[in-house]
Each structure stands twice: as structure tokens, then as C-alpha cells.
file coords09.txt (compact mmCIF, C-alpha atoms)
# COMPACT_ATOMS: atom_id res chain seq x y z
CA MET A 3 -74.91 -45.35 -13.43
CA GLU A 4 -77.70 -42.91 -12.80
CA LYS A 5 -75.86 -40.98 -10.10
CA PHE A 6 -73.30 -39.85 -12.69
CA SER A 7 -75.97 -38.41 -15.00
CA ARG A 8 -75.08 -34.88 -13.89
CA PHE A 9 -71.80 -35.34 -15.78
CA ARG A 10 -73.55 -35.99 -19.07
CA ASP A 11 -72.95 -33.20 -21.57
CA ALA A 12 -76.10 -31.10 -21.85
CA GLY A 13 -75.64 -30.31 -25.54
CA THR A 14 -74.93 -33.79 -26.90
CA GLY A 15 -76.20 -36.10 -24.17
CA ILE A 16 -72.87 -37.94 -24.23
CA GLN A 17 -71.25 -39.28 -21.06
CA VAL A 18 -67.51 -38.72 -21.65
CA PHE A 19 -66.04 -39.78 -18.30
CA LEU A 20 -67.39 -43.25 -17.44
CA PRO A 21 -65.34 -46.17 -18.82
CA PRO A 22 -66.93 -47.63 -21.98
CA VAL A 23 -68.61 -51.00 -21.53
CA THR A 24 -69.51 -53.76 -23.95
CA PRO A 25 -73.15 -53.52 -25.11
CA ALA A 26 -75.47 -55.61 -22.94
CA GLY A 27 -76.20 -59.08 -24.26
CA ASN A 28 -72.97 -59.42 -26.25
CA THR A 29 -71.32 -61.88 -23.84
CA SER A 30 -71.62 -65.33 -25.36
CA ALA A 31 -70.54 -68.91 -24.68
CA LEU A 32 -67.82 -68.41 -27.29
CA HIS A 33 -66.48 -65.54 -25.24
CA LEU A 34 -66.36 -67.67 -22.09
CA LEU A 35 -64.67 -70.52 -23.95
CA ALA A 36 -62.09 -68.16 -25.40
CA LEU A 37 -61.05 -66.70 -22.05
CA PRO A 38 -58.56 -69.45 -21.05
CA PHE A 39 -56.91 -69.22 -24.47
CA LEU A 40 -56.72 -65.42 -24.18
CA TYR A 41 -55.08 -65.65 -20.75
CA VAL A 42 -52.44 -68.05 -22.08
CA LEU A 43 -51.92 -65.80 -25.10
CA GLY A 44 -51.69 -62.78 -22.81
CA ALA A 45 -49.01 -64.41 -20.69
CA ALA A 46 -46.95 -65.28 -23.78
CA ARG A 47 -47.38 -61.78 -25.13
CA GLY A 48 -46.35 -60.36 -21.77
CA VAL A 49 -43.06 -62.27 -21.76
CA LEU A 50 -42.36 -61.15 -25.31
CA LEU A 51 -43.32 -57.56 -24.47
CA LEU A 52 -40.90 -57.52 -21.54
CA ALA A 53 -38.09 -58.77 -23.78
CA VAL A 54 -38.90 -56.20 -26.47
CA VAL A 55 -39.00 -53.33 -23.96
CA LEU A 56 -35.66 -54.36 -22.44
CA LEU A 57 -34.05 -54.57 -25.88
CA TRP A 58 -35.63 -51.23 -26.85
CA THR A 59 -34.26 -49.58 -23.72
CA LEU A 60 -30.78 -50.99 -24.28
CA LEU A 61 -30.55 -50.01 -27.95
CA GLU A 62 -32.02 -46.55 -27.40
CA THR A 63 -29.52 -45.92 -24.62
CA LEU A 64 -26.57 -47.02 -26.76
CA LEU A 65 -27.59 -45.80 -30.21
CA GLY A 66 -29.11 -42.62 -28.82
CA LEU A 67 -25.56 -41.42 -28.25
CA PHE A 68 -25.18 -41.41 -32.04
CA GLY A 69 -28.47 -39.65 -32.78
CA ALA A 70 -30.38 -42.81 -33.69
CA ARG A 71 -33.20 -42.61 -31.12
CA ALA A 72 -35.85 -41.94 -33.77
CA ALA A 73 -34.68 -44.92 -35.84
CA VAL A 74 -34.85 -47.19 -32.80
CA ARG A 75 -38.35 -46.03 -31.93
CA SER A 76 -39.55 -46.41 -35.52
CA VAL A 77 -38.80 -50.12 -35.12
CA PHE A 78 -39.86 -50.81 -31.54
CA VAL A 79 -42.97 -48.64 -31.06
CA PRO A 80 -45.00 -50.51 -33.74
CA VAL A 81 -43.87 -53.84 -32.25
CA VAL A 82 -44.99 -52.83 -28.75
CA LEU A 83 -48.32 -51.57 -30.09
CA ALA A 84 -48.83 -54.82 -32.03
CA LEU A 85 -48.26 -56.87 -28.87
CA LEU A 86 -50.93 -54.71 -27.21
CA GLY A 87 -53.35 -55.47 -30.04
CA PHE A 88 -52.93 -52.44 -32.32
CA TYR A 89 -51.79 -52.89 -35.90
CA GLY A 90 -51.46 -50.39 -38.73
CA THR A 91 -50.87 -47.44 -36.41
CA THR A 92 -48.92 -45.26 -38.83
CA PRO A 93 -50.33 -41.70 -38.63
CA GLU A 94 -52.24 -40.47 -41.68
CA THR A 95 -51.65 -36.88 -42.79
CA ILE A 96 -54.92 -35.17 -43.78
CA SER A 97 -55.70 -31.95 -45.61
CA LEU A 98 -59.04 -30.48 -44.56
CA ALA A 99 -58.69 -27.67 -47.09
CA THR A 100 -58.47 -29.90 -50.16
CA ARG A 101 -60.92 -32.56 -48.87
CA GLY A 102 -59.13 -35.25 -50.89
CA ARG A 103 -59.06 -33.37 -54.20
CA ASN A 104 -55.28 -33.07 -54.06
CA ALA A 105 -53.11 -35.12 -51.78
CA PRO A 106 -51.06 -32.83 -49.53
CA ALA A 107 -47.32 -32.86 -49.89
CA PRO A 108 -45.77 -35.13 -47.27
CA SER A 109 -45.03 -33.21 -44.10
CA ALA A 110 -41.62 -33.34 -42.49
CA PRO A 111 -41.44 -35.20 -39.17
CA PRO A 112 -41.61 -33.09 -36.01
CA ARG A 113 -38.32 -31.56 -34.96
CA VAL A 114 -36.99 -29.71 -31.91
CA GLY A 115 -39.35 -26.90 -30.92
CA ASP A 116 -42.34 -28.26 -32.83
CA LEU A 117 -45.67 -28.91 -31.11
CA ILE A 118 -47.81 -32.05 -31.28
CA VAL A 119 -51.33 -31.25 -30.04
CA SER A 120 -53.60 -34.24 -29.46
CA ASN A 121 -56.84 -35.28 -27.82
CA HIS A 122 -56.31 -37.74 -24.99
CA SER A 123 -58.07 -40.84 -23.73
CA SER A 124 -55.53 -43.63 -23.20
CA TYR A 125 -51.98 -44.62 -22.38
CA ILE A 126 -51.89 -45.84 -25.99
CA ASP A 127 -51.99 -42.17 -27.07
CA VAL A 128 -48.65 -41.63 -25.35
CA LEU A 129 -47.13 -44.62 -27.14
CA LEU A 130 -48.57 -43.63 -30.52
CA LEU A 131 -46.99 -40.19 -30.25
CA SER A 132 -43.65 -41.47 -28.96
CA ARG A 133 -42.25 -42.16 -32.43
CA ALA A 134 -41.10 -38.53 -32.62
CA CYS A 135 -38.99 -38.95 -29.43
CA PRO A 136 -40.85 -36.03 -27.83
CA SER A 137 -40.95 -34.42 -24.45
CA TYR A 138 -44.42 -34.49 -22.90
CA LEU A 139 -45.61 -31.22 -21.37
CA LEU A 140 -47.76 -32.02 -18.35
CA PRO A 141 -49.95 -29.27 -16.88
CA VAL A 142 -49.29 -28.14 -13.33
CA LEU A 143 -52.29 -26.70 -11.48
CA SER A 144 -52.68 -24.88 -8.23
CA PRO A 145 -54.59 -26.98 -5.68
CA SER A 146 -58.33 -27.12 -6.28
CA ALA A 147 -60.92 -25.89 -3.84
CA PRO A 148 -62.22 -28.60 -1.51
CA PRO A 149 -65.33 -30.34 -2.81
CA PRO A 150 -68.64 -28.97 -1.53
CA SER A 151 -70.36 -30.64 1.38
CA ALA A 152 -73.13 -33.10 0.68
CA ALA A 153 -75.75 -30.60 1.86
CA ALA A 154 -74.35 -27.90 -0.42
CA ALA A 155 -74.29 -30.30 -3.34
CA ARG A 156 -77.95 -31.24 -2.76
CA GLY A 157 -78.87 -27.56 -2.61
CA ALA A 158 -77.04 -26.89 -5.86
CA ALA A 159 -78.78 -29.83 -7.51
CA ARG A 160 -82.19 -28.45 -6.47
CA LYS A 161 -81.30 -25.05 -7.92
CA ARG A 162 -79.87 -26.37 -11.20
CA GLY A 163 -82.19 -29.31 -11.71
CA PRO A 164 -81.49 -33.02 -12.17
CA GLY A 165 -79.67 -32.53 -15.47
CA ALA A 166 -76.90 -30.40 -13.98
CA TYR A 167 -73.52 -31.93 -14.60
CA MET A 168 -71.56 -30.07 -11.93
CA PRO A 169 -72.45 -28.74 -8.49
CA GLU A 170 -72.87 -24.98 -8.69
CA THR A 171 -70.86 -24.39 -5.52
CA LEU A 172 -67.86 -26.13 -7.06
CA ARG A 173 -68.18 -24.29 -10.36
CA GLU A 174 -68.11 -20.96 -8.52
CA LYS A 175 -64.81 -21.87 -6.86
CA VAL A 176 -63.02 -23.21 -9.93
CA SER A 177 -61.23 -21.04 -12.47
CA GLY A 178 -59.39 -23.31 -14.86
CA GLU A 179 -57.25 -20.63 -16.46
CA ALA A 180 -56.22 -19.16 -13.11
CA ARG A 181 -55.28 -22.59 -11.75
CA LEU A 182 -52.94 -23.46 -14.65
CA VAL A 183 -49.63 -22.25 -13.25
CA GLY A 184 -47.19 -23.86 -15.68
CA TRP A 185 -45.88 -26.95 -17.44
CA LYS A 186 -43.46 -29.72 -16.57
CA ALA A 187 -41.50 -31.52 -19.30
CA VAL A 188 -41.28 -35.29 -18.72
CA GLY A 189 -40.20 -38.38 -20.60
CA LEU A 190 -42.13 -41.35 -21.94
CA VAL A 191 -42.28 -43.44 -18.75
CA THR A 192 -43.47 -40.57 -16.54
CA ALA A 193 -46.09 -39.60 -19.13
CA LEU A 194 -47.38 -43.18 -19.19
CA MET A 195 -47.60 -43.30 -15.40
CA GLN A 196 -49.57 -40.04 -15.28
CA VAL A 197 -52.30 -41.10 -17.74
CA ALA A 198 -55.86 -40.73 -16.34
CA ARG A 199 -54.59 -39.32 -13.06
CA PRO A 200 -55.55 -35.80 -11.96
CA PRO A 201 -53.18 -33.10 -13.25
CA LEU A 202 -50.05 -32.44 -11.22
CA GLU A 203 -50.35 -29.82 -8.51
CA GLY A 204 -47.63 -27.33 -7.70
CA ASP A 205 -46.56 -23.71 -7.77
CA ALA A 206 -45.11 -21.49 -10.46
CA SER A 207 -42.03 -20.99 -8.28
CA ASP A 208 -41.05 -24.67 -8.60
CA ALA A 209 -37.80 -24.99 -10.56
CA ASP A 210 -39.17 -27.54 -13.05
CA VAL A 211 -42.45 -25.69 -13.67
CA LYS A 212 -42.22 -23.27 -16.59
CA PRO A 213 -44.53 -21.11 -18.70
CA PHE A 214 -45.74 -22.79 -21.87
CA ASP A 215 -43.65 -20.79 -24.33
CA LYS A 216 -40.49 -21.15 -22.23
CA ALA A 217 -40.97 -24.90 -21.84
CA LEU A 218 -41.38 -25.18 -25.61
CA GLN A 219 -38.29 -23.09 -26.35
CA GLU A 220 -36.06 -24.93 -23.88
CA ALA A 221 -37.07 -28.42 -24.96
CA ASN A 222 -34.46 -30.42 -26.83
CA ALA A 223 -37.15 -32.39 -28.64
CA PRO A 224 -40.62 -31.90 -30.16
CA CYS A 225 -43.24 -31.38 -27.45
CA VAL A 226 -46.52 -33.25 -26.99
CA VAL A 227 -49.33 -31.46 -25.21
CA PHE A 228 -52.89 -32.59 -24.42
CA PRO A 229 -55.03 -29.42 -24.19
CA GLU A 230 -57.92 -31.30 -22.59
CA LEU A 231 -55.53 -31.80 -19.60
CA VAL A 232 -57.35 -35.02 -18.60
CA THR A 233 -58.54 -38.17 -20.36
CA SER A 234 -61.99 -38.82 -21.81
CA ASN A 235 -63.53 -42.17 -22.77
CA ASN A 236 -63.10 -41.28 -26.48
CA ARG A 237 -66.84 -41.09 -27.12
CA ALA A 238 -66.52 -37.33 -27.63
CA LEU A 239 -64.05 -34.48 -27.15
CA LEU A 240 -63.59 -32.52 -23.95
CA ARG A 241 -63.48 -28.73 -23.80
CA PRO A 242 -59.82 -27.70 -24.31
CA ALA A 243 -58.24 -25.50 -21.68
CA PRO A 244 -56.77 -22.10 -22.66
CA ILE A 245 -53.22 -23.43 -22.54
CA PHE A 246 -51.49 -20.95 -24.82
CA PRO A 247 -49.60 -17.85 -23.60
CA THR A 248 -51.31 -14.47 -23.54
CA THR A 249 -49.15 -13.23 -26.44
CA TRP A 250 -50.34 -16.12 -28.60
CA ARG A 251 -53.99 -15.48 -27.76
CA GLU A 252 -53.66 -11.75 -28.42
CA LEU A 253 -52.12 -12.43 -31.82
CA TYR A 254 -54.86 -14.93 -32.60
CA ALA A 255 -57.53 -12.41 -31.60
CA ARG A 256 -56.04 -9.82 -33.98
CA THR A 257 -55.23 -12.02 -36.97
CA GLY A 258 -57.16 -15.27 -36.56
CA ALA A 259 -53.89 -17.23 -36.88
CA LEU A 260 -50.50 -17.77 -35.24
CA ARG A 261 -48.24 -17.74 -38.27
CA ASP A 262 -46.58 -14.45 -37.25
CA LEU A 263 -45.27 -15.71 -33.93
CA PRO A 264 -41.56 -15.22 -33.32
CA ARG A 265 -39.99 -18.68 -33.49
CA SER A 266 -43.33 -19.98 -34.71
CA PRO A 267 -43.41 -23.77 -34.13
CA ARG A 268 -44.87 -26.17 -36.61
CA MET A 269 -48.04 -27.55 -35.09
CA TYR A 270 -49.15 -31.14 -35.64
CA ILE A 271 -52.83 -31.33 -34.70
CA THR A 272 -53.48 -35.03 -34.05
CA ALA A 273 -56.84 -36.76 -33.56
CA ILE A 274 -56.89 -40.28 -32.11
CA LYS A 275 -60.04 -42.39 -32.25
CA TYR A 276 -60.52 -45.94 -30.95
CA GLU A 277 -62.96 -48.60 -32.10
CA PRO A 278 -65.85 -49.30 -29.69
CA PRO A 279 -65.29 -52.22 -27.28
CA SER A 280 -66.45 -55.76 -27.92
CA PRO A 281 -66.58 -58.80 -25.61
CA LEU A 282 -63.12 -60.00 -26.70
CA SER A 283 -61.64 -56.53 -27.24
CA PRO A 284 -62.30 -54.22 -24.28
CA SER A 285 -61.83 -50.52 -24.65
CA ALA A 286 -58.25 -49.26 -24.50
CA THR A 287 -59.36 -45.95 -23.03
CA THR A 288 -58.46 -45.04 -19.47
CA SER A 289 -60.86 -42.33 -18.39
CA VAL A 290 -60.52 -43.21 -14.69
CA PRO A 291 -57.30 -43.88 -12.75
CA ARG A 292 -55.98 -47.37 -13.29
CA SER A 293 -52.54 -48.85 -12.79
CA LEU A 294 -50.39 -49.00 -15.91
CA GLY A 295 -49.85 -52.71 -15.31
CA ALA A 296 -53.60 -53.40 -15.30
CA SER A 297 -54.05 -51.42 -18.52
CA ILE A 298 -51.22 -53.32 -20.22
CA TRP A 299 -52.59 -56.69 -19.08
CA ALA A 300 -56.02 -55.81 -20.49
CA GLY A 301 -54.32 -55.11 -23.83
CA LEU A 302 -52.32 -58.33 -23.76
CA ILE A 303 -55.42 -60.53 -23.38
CA ALA A 304 -57.49 -58.66 -25.98
CA LEU A 305 -57.99 -59.50 -29.63
CA PRO A 306 -56.66 -56.96 -32.15
CA ARG A 307 -58.33 -53.57 -31.91
CA GLY A 308 -58.52 -50.64 -34.27
CA VAL A 309 -57.28 -47.10 -33.78
CA SER A 310 -57.24 -44.17 -36.18
CA VAL A 311 -54.43 -41.61 -35.96
CA ARG A 312 -55.02 -38.62 -38.23
CA VAL A 313 -52.76 -35.56 -38.37
CA LEU A 314 -53.75 -32.25 -39.91
CA HIS A 315 -51.12 -31.12 -42.40
CA PRO A 316 -48.95 -28.62 -40.47
CA ALA A 317 -49.40 -26.01 -43.20
CA GLU A 318 -53.13 -25.84 -42.31
CA ALA A 319 -52.61 -25.58 -38.53
CA PRO A 320 -52.91 -22.12 -36.90
CA THR A 321 -49.12 -21.66 -37.14
CA GLY A 322 -48.98 -22.81 -40.78
CA GLN A 323 -48.56 -20.54 -43.77
CA ALA A 324 -51.63 -22.01 -45.51
CA ALA A 325 -53.90 -21.63 -42.47
CA SER A 326 -57.17 -19.82 -43.07
CA ALA A 327 -57.71 -16.87 -40.75
CA ASP A 328 -60.32 -17.64 -38.10
CA VAL A 329 -63.04 -15.03 -38.55
CA ARG A 330 -64.06 -15.63 -34.92
CA GLY A 331 -60.52 -15.26 -33.62
CA ALA A 332 -61.44 -12.26 -31.50
CA GLU A 333 -64.13 -14.30 -29.71
CA ARG A 334 -62.21 -17.48 -28.96
CA GLY A 335 -58.70 -18.75 -28.50
CA PRO A 336 -56.59 -20.98 -30.75
CA GLN A 337 -57.48 -23.99 -28.61
CA GLU A 338 -61.03 -23.78 -30.00
CA ALA A 339 -59.76 -23.96 -33.59
CA ILE A 340 -57.65 -26.97 -32.61
CA ALA A 341 -60.70 -28.71 -31.11
CA ASP A 342 -62.65 -28.01 -34.31
CA SER A 343 -59.84 -29.70 -36.27
CA TRP A 344 -59.92 -32.72 -33.95
CA SER A 345 -63.65 -33.04 -34.53
CA ALA A 346 -63.28 -32.80 -38.31
CA LEU A 347 -60.43 -35.33 -38.37
CA SER A 348 -62.01 -37.89 -36.04
CA ARG A 349 -65.76 -37.27 -36.43
CA LEU A 350 -65.98 -37.05 -32.65
CA ARG A 351 -68.41 -34.45 -31.34
CA ARG A 352 -67.32 -31.62 -29.09
CA THR A 353 -68.72 -31.21 -25.59
CA ASN A 354 -68.71 -28.43 -23.01
CA LEU A 355 -67.16 -30.61 -20.31
CA GLY A 356 -63.57 -29.99 -19.28
CA PHE A 357 -61.01 -30.85 -16.65
CA GLU A 358 -62.90 -29.01 -13.90
CA GLU A 359 -65.89 -31.31 -14.38
CA LYS A 360 -63.53 -34.31 -14.59
CA GLU A 361 -62.13 -33.44 -11.15
CA ALA A 362 -65.64 -33.36 -9.69
CA PHE A 363 -66.48 -36.63 -11.46
CA LEU A 364 -63.39 -38.38 -10.07
CA ALA A 365 -64.19 -37.18 -6.56
CA MET A 366 -67.63 -38.81 -6.84
CA TYR A 367 -66.35 -41.90 -8.70
CA GLN A 368 -63.80 -42.68 -6.00
CA ARG A 369 -66.54 -42.50 -3.32
CA ARG A 370 -68.90 -44.84 -5.17
call {"tool": "encode", "arguments": {"input": "coords09.txt", "output": "C-alpha cells"}}
result
Amino acid sequence: MEKFSRFRDAGTGIQVFLPPVTPAGNTSALHLLALPFLYVLGAARGVLLLAVVLLWTLLETLLGLFGARAAVRSVFVPVVLALLGFYGTTPETISLATRGRNAPAPSAPPRVGDLIVSNHSSYIDVLLLSRACPSYLLPVLSPSAPPPSAAAARGAARKRGPGAYMPETLREKVSGEARLVGWKAVGLVTALMQVARPPLEGDASDADVKPFDKALQEANAPCVVFPELVTSNNRALLRPAPIFPTTWRELYARTGALRDLPRSPRMYITAIKYEPPSPLSPSATTSVPRSLGASIWAGLIALPRGVSVRVLHPAEAPTGQAASADVRGAERGPQEAIADSWSALSRLRRTNLGFEEKEAFLAMYQRR
């Protein structure tokens, strides 16, 4: 779609917002013949999925009273993922410091107050990370400026050239850090429903909107946060937002690490990467708004797909005792070090596109 070329990252040439499509010419007669079988298989899987989810809900409600929620999820989450076409989804702990010379000691599972920091491109991400029974911290933004008029957008395009990925008038009005007013802790179902939608809008005075550090301290579970704030199509990484509190960033600027934080949480930096789509296995990514039911149905009628879940050993994360000091800590925030780790773990390239550009993209995509 040529009209979306302005949202192509200038440094890498990668389009990170449009839904991935199967390479042209890959649709075959075999694919067409397989469709009826896949629809029947999808219907059978759907019935089984509904039964599994109902049983999961019942057992988690009952056994959760006895502290067995994690045990219940360790059984049911892999089953749900398998019905959606994903097998072998156990996270792999990686040491970037040793590069395979010495296997890292197994890390303890996330506990209350710990932080799981992941890239984000699909509702499957939310399910993959749900084994730890976490709370999901969703960003709450102040309302964005209205999109520029068509005439202003054309003027900006003439000034910036055809390769510009965002209208200049919009970029002048958007300040991502200033718009991030707080965080709202939600459960699994709400997190699933919010995937690929624009970030929540609200005000810092709202009772359920809290500063990042306070939301983390008050949580009664590990917390999952997606610093990109929005979903990509998993072809590359988005620019992470400066989500961490000022005190964290000041400490990082001085020391290049976060190990000296009071109540320093263990940080589980997680990189999730999906296999490219094929005619019988469409992409599981949801880079544009789509109903959860439609996403689930697409998974039910797909052949098995691959996903890689790699977790940096917590000792090497910015809050870990074995973390190397970032020599550029004074020039950038901890979110940049996290994005570097994602890139190293997943081999996905970083881009300079973030949630501000995603908002402008969605405004254009919905008018197409």
C-alpha cells in the first residue's frame, strides 16, 4: 500500500505497522482444497477450546483460593496455545554475557513485585506471559491532539519529502513522555481485549491510574509491561517509550544500571518472535485493531505455527547484580538498553517508529 509508505522506517526500510501478508504467488490449489478441512478442524478446535477455557476458569477460581493459580495455568496455558496452533512455547532463558559458553543457572520464576518487560505484537504475547499469573500494566495517555487537516498534511509532506513517515504538524503537537500520565493494572481478559487498540486515555487524577513505581509496588503479582505501548507486526521492534520513573532514569544516568534501586525488582526482559506467515498459517500478529474473536478464529483454522520466547537471565538485566554498566547511560534511558536486549535475543532490528507514529498510522488506516 503505497499511501502508507510514509510510515516506513527511514533507517531500516521496514514497514512495522501493516499486517503481514503471505508472499505473492504462494496460494496454490492445495491451499484451496485444504480450506474446507481447515474450517471443520477449526470448528472442532473451537468447541474444545471453549471447554478448556471453562474448565480453566472453574479450577483457577476454586484452587486459586489455596494458592494454586500458577499450577493451574502451567497446565492450561500450553493447552490453549496448542489449540491455537502454537507448540513448544516454554520460555528459554538466555545469557548474552556468556554467549553459550556456560549455561546460566536456572532463574527463579517471577514473583510479586517483579517486572516482565516484553515486545508486543499479538494477543498471543499476553497468553504466553500469563503463566506467571501477572497483572498487566496498561499505559494511560492524555488525549492526543486532533489529526492535522488534509491541507496541512499535504504541506508537511511537501516540506519533508515523500519518504516522511509522519506529518510534521502532528509531530510538533505530540510529546509522548508528557502524554503518559500513568498506568492501570488489569487482568488477563482485559489485557487480551486491549491488544492492538490505541492506548487507554484518561487523567492522572483517576483512582485506578497510578505512577509506574506505585503500580508496581501495590501489585499483588508480577507485572507485565509492554514499553512499545502499541503492537507492531513483529518484522522489527518499535521505539520504546520512556516508561520508567524519573528516579530510575536519574539513577541509570549516573550508574548505567538500576541495581541500587530501593526495592529493586527482578526484571525479566522477554523477546517474542513469530515465524513469517504462509498460505495455511497466517500471521498471528495483530498490528491493527481486530476483534479478539476474529483473531482466535484465525488461529483455530491455521496449521501449527512457530514462536520463539527468549528471556534474558534476570541477573543480566539492568536491575540484576551481574548487569554490565551502560557506558551511555547518561545519554539514554533504561528502555534503550531493554530494546537492545530484545534485538539481541530475537534478531529483530530496531526502528525509530513509536506509538506516536502508530496513532497517525491508525488514523489513516481507518480512513482507507
call {"tool": "residues_around", "arguments": {"input": "coords09.txt", "residues": "stretch 266-282 of chain A", "least_positions_apart": "6", "cutoff": "7 Å", "atoms": "only C-alpha atoms", "output": "number ranges by chain"}}
result
A: 23-24, 28-29, 33, 115-121, 236, 304-305, 307-314, 316, 319, 321-322, 340, 344, 347-348
call {"tool": "residues_around", "arguments": {"input": "coords09.txt", "residues": "A:Tyr367", "least_positions_apart": "6", "cutoff": "9 Å", "atoms": "all atoms listed in the file", "output": "ChimeraX atom specification"}}
result
/A:6,20,290
call {"tool": "atom_distance", "arguments": {"input": "coords09.txt", "atom1": "atom CA of A:Val183", "atom2": "atom CA of A:Phe357"}}
result
14.7 Å
call {"tool": "atom_distance", "arguments": {"input": "coords09.txt", "atom1": "atom CA of A:Thr233", "atom2": "atom CA of A:Arg292"}}
result
11.9 Å
call {"tool": "atom_distance", "arguments": {"input": "coords09.txt", "atom1": "atom CA of A:Val232", "atom2": "atom CA of A:Asp342"}}
result
18.0 Å
call {"tool": "closest_residue", "arguments": {"input": "coords09.txt", "among": "A:Glu230, A:Asp11, A:Glu361, A:Glu220", "to": "A:Ala243", "atoms": "all atoms listed in the file"}}
result
A:Glu230
call {"tool": "decode", "arguments": {"input": "coords09.txt", "residues": "stretch 120-148 of chain A", "atoms": "C-alpha atoms", "output": "mmCIF file, in the first residue's frame"}}
result
data_model
loop_
_atom_site.group_PDB
_atom_site.id
_atom_site.type_symbol
_atom_site.label_atom_id
_atom_site.label_comp_id
_atom_site.auth_asym_id
_atom_site.auth_seq_id
_atom_site.Cartn_x
_atom_site.Cartn_y
_atom_site.Cartn_z
ATOM 1 C CA SER A 120 8.348 -7.649 26.567
ATOM 2 C CA ASN A 121 7.997 -6.511 22.992
ATOM 3 C CA HIS A 122 4.429 -6.702 21.744
ATOM 4 C CA SER A 123 2.736 -7.712 18.513
ATOM 5 C CA SER A 124 -0.105 -10.139 19.260
ATOM 6 C CA TYR A 125 -2.740 -11.340 21.682
ATOM 7 C CA ILE A 126 -0.613 -14.493 21.848
ATOM 8 C CA ASP A 127 2.016 -12.439 23.722
ATOM 9 C CA VAL A 128 -0.483 -11.894 26.526
ATOM 10 C CA LEU A 129 -1.212 -15.627 26.732
ATOM 11 C CA LEU A 130 2.465 -16.592 26.592
ATOM 12 C CA LEU A 131 3.235 -14.336 29.546
ATOM 13 C CA SER A 132 0.183 -15.396 31.559
ATOM 14 C CA ARG A 133 1.896 -18.440 33.072
ATOM 15 C CA ALA A 134 3.291 -16.208 35.836
ATOM 16 C CA CYS A 135 -0.250 -15.121 36.854
ATOM 17 C CA PRO A 136 0.731 -11.473 36.358
ATOM 18 C CA SER A 137 -1.035 -8.169 36.415
ATOM 19 C CA TYR A 138 -0.745 -6.301 33.123
ATOM 20 C CA LEU A 139 0.175 -2.628 33.380
ATOM 21 C CA LEU A 140 -1.582 -0.746 30.586
ATOM 22 C CA PRO A 141 -0.438 2.791 29.753
ATOM 23 C CA VAL A 142 -2.884 5.644 30.205
ATOM 24 C CA LEU A 143 -2.303 8.671 27.972
ATOM 25 C CA SER A 144 -3.733 12.131 27.911
ATOM 26 C CA PRO A 145 -5.868 12.697 24.790
ATOM 27 C CA SER A 146 -3.859 13.248 21.626
ATOM 28 C CA ALA A 147 -4.008 16.385 19.539
ATOM 29 C CA PRO A 148 -6.531 16.194 16.691
#
